[in-house]
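Heads up: the structure comes next, in C-alpha cells.
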Amino acid sequence: MRTPDKSEMSQGEVAYATLLEAIRGGVFQPGDRLREEDVATRLTLSRTPVREALRKLESDGIVEHRPRLGAVVRALNHTEVVELYEMRMVLERTAAEMAAKHAIAAEIDELEELNEAIANAVADPARAASINQQFHRCIYLATRNRFLLESARALNNALMLLGPTTLADEARITVVCRQHQDIIDAIRNGDAEAAGASAEAHLQTSLRHRLSVMRG
C-alpha cells in the first residue's frame, strides 16, 4: 500500500507524522516534555493539530501524560528494554535465516554498501543510526515474508523510546560493522543457521551495550 504524502493528509495527520519523525530523529528524546505551544513553534505547526497528534501518540504508547507535566515522551525502563531486545532477537534471527534462503545478489550487495556507510559515518552518530535502521530493514525485506516485515514494524514505536543511539564512538561502530559483516557473509553463503546465530549474537551485544549506557 502506498504511503500518502503530506499534501494528501489532514492537518492532524501532518502534525502526527511530523512529530513522530521528530521523535524518531532524536529532536525530542524520551523524558522530554511536549508542551503544545513549544512543539507547534519548533515544528512550525498549529496548536490544534499538535494537540490531536499528541492524543494519537499517547494512544500509540509513545507519549504519556504525567501529573503537573502534561505530555512527555515515554521512556522504557530496564525490564521493558530487555523484553524489547528479546523480541528483536526472535524476529531478527528468523529474518536473517530467511534472508539466507531468499536474498538475491543485489540485496546482499546493498547490505555490504550500507555496512560500509555505517563505518564511514563515525563522525555523525545520527546518520550512522539512520543507516543502521536501513541495514536491518534490508534484511527483513530480503525474507520475502510480509508477515515477518509487519511484525518488525510493530516494534518501531518501542525502538524510538530507547533514547540516544549507542553508535556514538568509533569502537562501538567497529564492533557493530564487524558483526554485520558476519551476518552478511552467512547470508551470501546461504547458511541460514550461521546467519541466525550471527544476528542473535549481534542483538545480545547491542543489549549489553544499551544496558551499560542506561546504567551510566
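Chain labels run A, B, ... following the order of the C-alpha cells; each chain numbers its residues from 1, and ligands are numbered from 1 in the order shown.
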I need the helix (DSSP H, G or I) residues of chain A per DSSP on the backbone, written as a count of residues only. 153
Can you list, as a ChimeraX atom specification, every protein, DNA or RNA residue that comes within 12 Å of region 204-213 of chain A when you count only C-alpha atoms, leaving out same-chain residues fewer than 4 positions away? /A:76-90,92-93,159,162-168,171-173,175-180,197-200
Would you output that residue set with C-alpha atoms, as a short mmCIF file (atom, residue, chain, number, x, y, z; two decimals), in the first residue's frame?
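Below you can see selection-v8.cif, which holds the result:
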data_model
loop_
_atom_site.label_atom_id
_atom_site.label_comp_id
_atom_site.auth_asym_id
_atom_site.auth_seq_id
_atom_site.Cartn_x
_atom_site.Cartn_y
_atom_site.Cartn_z
CA LEU A 76 11.44 2.49 28.65
CA ASN A 77 12.57 1.03 31.96
CA HIS A 78 15.15 -1.73 32.35
CA THR A 79 12.62 -4.56 32.16
CA GLU A 80 10.96 -3.13 29.05
CA VAL A 81 14.31 -2.72 27.29
CA VAL A 82 15.21 -6.35 27.99
CA GLU A 83 11.80 -7.52 26.79
CA LEU A 84 12.12 -5.44 23.62
CA TYR A 85 15.52 -6.88 22.79
CA GLU A 86 14.31 -10.41 23.49
CA MET A 87 11.57 -9.89 20.90
CA ARG A 88 14.06 -8.37 18.46
CA MET A 89 16.32 -11.41 18.86
CA VAL A 90 13.47 -13.73 17.90
CA GLU A 92 15.93 -10.78 13.62
CA ARG A 93 17.26 -14.32 13.97
CA LEU A 159 12.55 1.28 19.32
CA LEU A 162 15.25 3.60 23.57
CA GLY A 163 16.83 7.05 23.67
CA PRO A 164 20.05 8.29 22.06
CA THR A 165 21.86 6.00 19.66
CA THR A 166 24.64 3.81 21.03
CA LEU A 167 26.61 4.36 17.80
CA ALA A 168 28.38 7.32 19.36
CA ALA A 171 34.93 1.46 18.93
CA ARG A 172 31.19 0.75 19.08
CA ILE A 173 30.75 1.24 15.32
CA VAL A 175 32.01 -3.86 16.69
CA VAL A 176 28.65 -3.30 15.00
CA CYS A 177 30.11 -3.35 11.49
CA ARG A 178 32.12 -6.50 12.21
CA GLN A 179 29.00 -8.27 13.47
CA HIS A 180 27.00 -7.01 10.50
CA ALA A 197 23.26 -17.23 15.11
CA SER A 198 25.17 -14.12 13.98
CA ALA A 199 22.03 -11.98 14.14
CA GLU A 200 21.25 -13.17 17.67
#
In region 54-158 of chain A, what's strand (DSSP E or B) per DSSP? Answer as a PDB file with N, CA, C and O atoms, in the first residue's frame?
ATOM      1  N   VAL A  63       3.753   8.537  23.815  1.00  0.00           N
ATOM      2  CA  VAL A  63       3.678   9.670  24.736  1.00  0.00           C
ATOM      3  C   VAL A  63       2.819   9.268  25.924  1.00  0.00           C
ATOM      4  O   VAL A  63       1.869   8.488  25.780  1.00  0.00           O
ATOM      5  N   GLU A  64       3.162   9.765  27.102  1.00  0.00           N
ATOM      6  CA  GLU A  64       2.348   9.519  28.286  1.00  0.00           C
ATOM      7  C   GLU A  64       2.028  10.843  28.964  1.00  0.00           C
ATOM      8  O   GLU A  64       2.768  11.823  28.816  1.00  0.00           O
ATOM      9  N   HIS A  65       0.917  10.865  29.694  1.00  0.00           N
ATOM     10  CA  HIS A  65       0.519  12.081  30.403  1.00  0.00           C
ATOM     11  C   HIS A  65       0.921  11.960  31.864  1.00  0.00           C
ATOM     12  O   HIS A  65       0.545  11.006  32.544  1.00  0.00           O
ATOM     13  N   ARG A  66       1.712  12.917  32.336  1.00  0.00           N
ATOM     14  CA  ARG A  66       2.160  12.916  33.717  1.00  0.00           C
ATOM     15  C   ARG A  66       1.566  14.103  34.468  1.00  0.00           C
ATOM     16  O   ARG A  66       1.512  15.213  33.929  1.00  0.00           O
ATOM     17  N   GLY A  70       2.161  17.169  32.044  1.00  0.00           N
ATOM     18  CA  GLY A  70       1.464  17.035  30.774  1.00  0.00           C
ATOM     19  C   GLY A  70       2.073  15.932  29.920  1.00  0.00           C
ATOM     20  O   GLY A  70       2.549  14.920  30.444  1.00  0.00           O
ATOM     21  N   ALA A  71       2.081  16.158  28.602  1.00  0.00           N
ATOM     22  CA  ALA A  71       2.566  15.144  27.672  1.00  0.00           C
ATOM     23  C   ALA A  71       4.092  15.037  27.739  1.00  0.00           C
ATOM     24  O   ALA A  71       4.808  16.037  27.697  1.00  0.00           O
ATOM     25  N   VAL A  72       4.585  13.794  27.840  1.00  0.00           N
ATOM     26  CA  VAL A  72       6.021  13.524  27.917  1.00  0.00           C
ATOM     27  C   VAL A  72       6.327  12.322  27.031  1.00  0.00           C
ATOM     28  O   VAL A  72       5.550  11.359  26.987  1.00  0.00           O
ATOM     29  N   VAL A  73       7.433  12.366  26.301  1.00  0.00           N
ATOM     30  CA  VAL A  73       7.858  11.210  25.520  1.00  0.00           C
ATOM     31  C   VAL A  73       8.194  10.082  26.495  1.00  0.00           C
ATOM     32  O   VAL A  73       8.997  10.257  27.398  1.00  0.00           O
TER      33      VAL A  73
END
Leaving out Asn115 (chain A) and any residue of its chain fewer than 3 positions from it, which residues lie within 8 Å of it when counting only C-alpha atoms, given as a list in words?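 That gives Leu111, Glu112, Ile118, Ala119, Asn132, Phe135, Cys177, His180 and Gln181 of chain A.
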Just the selected residues (all heavy atoms), exported as a PDB file, in the first residue's frame, please.
ATOM      1  N   LEU A 111      23.441  -4.638   1.369  1.00  0.00           N
ATOM      2  CA  LEU A 111      23.828  -4.790   2.771  1.00  0.00           C
ATOM      3  C   LEU A 111      25.297  -4.424   2.967  1.00  0.00           C
ATOM      4  O   LEU A 111      25.658  -3.755   3.936  1.00  0.00           O
ATOM      5  CB  LEU A 111      23.576  -6.231   3.241  1.00  0.00           C
ATOM      6  CG  LEU A 111      22.120  -6.643   3.460  1.00  0.00           C
ATOM      7  CD1 LEU A 111      22.029  -8.148   3.717  1.00  0.00           C
ATOM      8  CD2 LEU A 111      21.509  -5.872   4.622  1.00  0.00           C
ATOM      9  N   GLU A 112      26.133  -4.837   2.039  1.00  0.00           N
ATOM     10  CA  GLU A 112      27.560  -4.502   2.094  1.00  0.00           C
ATOM     11  C   GLU A 112      27.761  -2.994   2.038  1.00  0.00           C
ATOM     12  O   GLU A 112      28.538  -2.414   2.817  1.00  0.00           O
ATOM     13  CB  GLU A 112      28.315  -5.170   0.937  1.00  0.00           C
ATOM     14  CG  GLU A 112      28.373  -6.689   0.987  1.00  0.00           C
ATOM     15  CD  GLU A 112      29.533  -7.220   1.816  1.00  0.00           C
ATOM     16  OE1 GLU A 112      30.163  -6.434   2.555  1.00  0.00           O
ATOM     17  OE2 GLU A 112      29.794  -8.433   1.729  1.00  0.00           O
ATOM     18  N   ILE A 118      27.853   2.852   7.290  1.00  0.00           N
ATOM     19  CA  ILE A 118      27.834   2.999   8.748  1.00  0.00           C
ATOM     20  C   ILE A 118      29.258   3.246   9.248  1.00  0.00           C
ATOM     21  O   ILE A 118      29.493   4.143  10.066  1.00  0.00           O
ATOM     22  CB  ILE A 118      27.249   1.742   9.422  1.00  0.00           C
ATOM     23  CG1 ILE A 118      25.770   1.572   9.067  1.00  0.00           C
ATOM     24  CG2 ILE A 118      27.397   1.822  10.949  1.00  0.00           C
ATOM     25  CD1 ILE A 118      25.179   0.241   9.497  1.00  0.00           C
ATOM     26  N   ALA A 119      30.202   2.476   8.747  1.00  0.00           N
ATOM     27  CA  ALA A 119      31.600   2.634   9.157  1.00  0.00           C
ATOM     28  C   ALA A 119      32.127   4.027   8.824  1.00  0.00           C
ATOM     29  O   ALA A 119      32.919   4.600   9.578  1.00  0.00           O
ATOM     30  CB  ALA A 119      32.461   1.567   8.489  1.00  0.00           C
ATOM     31  N   ASN A 132      21.916   2.384   9.994  1.00  0.00           N
ATOM     32  CA  ASN A 132      21.784   1.106  10.685  1.00  0.00           C
ATOM     33  C   ASN A 132      20.335   0.599  10.605  1.00  0.00           C
ATOM     34  O   ASN A 132      20.098  -0.602  10.403  1.00  0.00           O
ATOM     35  CB  ASN A 132      22.201   1.262  12.149  1.00  0.00           C
ATOM     36  CG  ASN A 132      22.175  -0.044  12.905  1.00  0.00           C
ATOM     37  OD1 ASN A 132      22.834  -1.004  12.541  1.00  0.00           O
ATOM     38  ND2 ASN A 132      21.398  -0.090  13.976  1.00  0.00           N
ATOM     39  N   PHE A 135      19.855  -0.836   7.251  1.00  0.00           N
ATOM     40  CA  PHE A 135      20.515  -2.141   7.142  1.00  0.00           C
ATOM     41  C   PHE A 135      19.587  -3.247   7.635  1.00  0.00           C
ATOM     42  O   PHE A 135      19.383  -4.260   6.952  1.00  0.00           O
ATOM     43  CB  PHE A 135      21.813  -2.124   7.960  1.00  0.00           C
ATOM     44  CG  PHE A 135      22.539  -3.435   7.972  1.00  0.00           C
ATOM     45  CD1 PHE A 135      23.477  -3.740   6.988  1.00  0.00           C
ATOM     46  CD2 PHE A 135      22.292  -4.385   8.960  1.00  0.00           C
ATOM     47  CE1 PHE A 135      24.156  -4.960   6.991  1.00  0.00           C
ATOM     48  CE2 PHE A 135      22.961  -5.604   8.976  1.00  0.00           C
ATOM     49  CZ  PHE A 135      23.889  -5.885   7.988  1.00  0.00           C
ATOM     50  N   CYS A 177      29.825  -3.042  12.896  1.00  0.00           N
ATOM     51  CA  CYS A 177      30.114  -3.349  11.492  1.00  0.00           C
ATOM     52  C   CYS A 177      30.722  -4.746  11.329  1.00  0.00           C
ATOM     53  O   CYS A 177      30.434  -5.444  10.351  1.00  0.00           O
ATOM     54  CB  CYS A 177      31.023  -2.288  10.889  1.00  0.00           C
ATOM     55  SG  CYS A 177      30.212  -0.691  10.659  1.00  0.00           S
ATOM     56  N   HIS A 180      27.813  -7.087  11.716  1.00  0.00           N
ATOM     57  CA  HIS A 180      27.005  -7.005  10.497  1.00  0.00           C
ATOM     58  C   HIS A 180      27.653  -7.832   9.385  1.00  0.00           C
ATOM     59  O   HIS A 180      26.960  -8.517   8.627  1.00  0.00           O
ATOM     60  CB  HIS A 180      26.878  -5.556  10.028  1.00  0.00           C
ATOM     61  CG  HIS A 180      25.866  -4.768  10.780  1.00  0.00           C
ATOM     62  ND1 HIS A 180      25.663  -3.415  10.554  1.00  0.00           N
ATOM     63  CD2 HIS A 180      24.986  -5.110  11.755  1.00  0.00           C
ATOM     64  CE1 HIS A 180      24.704  -2.977  11.353  1.00  0.00           C
ATOM     65  NE2 HIS A 180      24.291  -3.978  12.103  1.00  0.00           N
ATOM     66  N   GLN A 181      28.978  -7.747   9.283  1.00  0.00           N
ATOM     67  CA  GLN A 181      29.673  -8.478   8.224  1.00  0.00           C
ATOM     68  C   GLN A 181      29.513  -9.980   8.404  1.00  0.00           C
ATOM     69  O   GLN A 181      29.387 -10.724   7.421  1.00  0.00           O
ATOM     70  CB  GLN A 181      31.151  -8.093   8.212  1.00  0.00           C
ATOM     71  CG  GLN A 181      31.898  -8.574   6.965  1.00  0.00           C
ATOM     72  CD  GLN A 181      31.323  -7.963   5.685  1.00  0.00           C
ATOM     73  OE1 GLN A 181      31.185  -6.743   5.571  1.00  0.00           O
ATOM     74  NE2 GLN A 181      30.954  -8.805   4.734  1.00  0.00           N
TER      75      GLN A 181
END
Within 10 Å of Arg51 (chain A) using only C-alpha atoms, minus same-chain residues under 2 positions, as number ranges by chain: A: 12, 15-16, 35-37, 39-40, 46-49, 53-57, 71
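Here CA of Ala105 (chain A) stands at a distance of 21.0 Å from CA of Leu148 (chain A).
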Tell me which protein, DNA and RNA residues are within 7 Å of Ala100 (chain A), counting only C-alpha atoms, leaving out same-chain ones fewer than 3 positions away, and put them as a ChimeraX atom specification. /A:96-97,103,186-188,190-192,195
For His102 (chain A), which residue among A:Ala152, A:Ala128, A:Ala142, A:Leu161 is the nearest when counting only C-alpha atoms?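 Checking each candidate against His102 (chain A), we get A:Ala142 as the closest.
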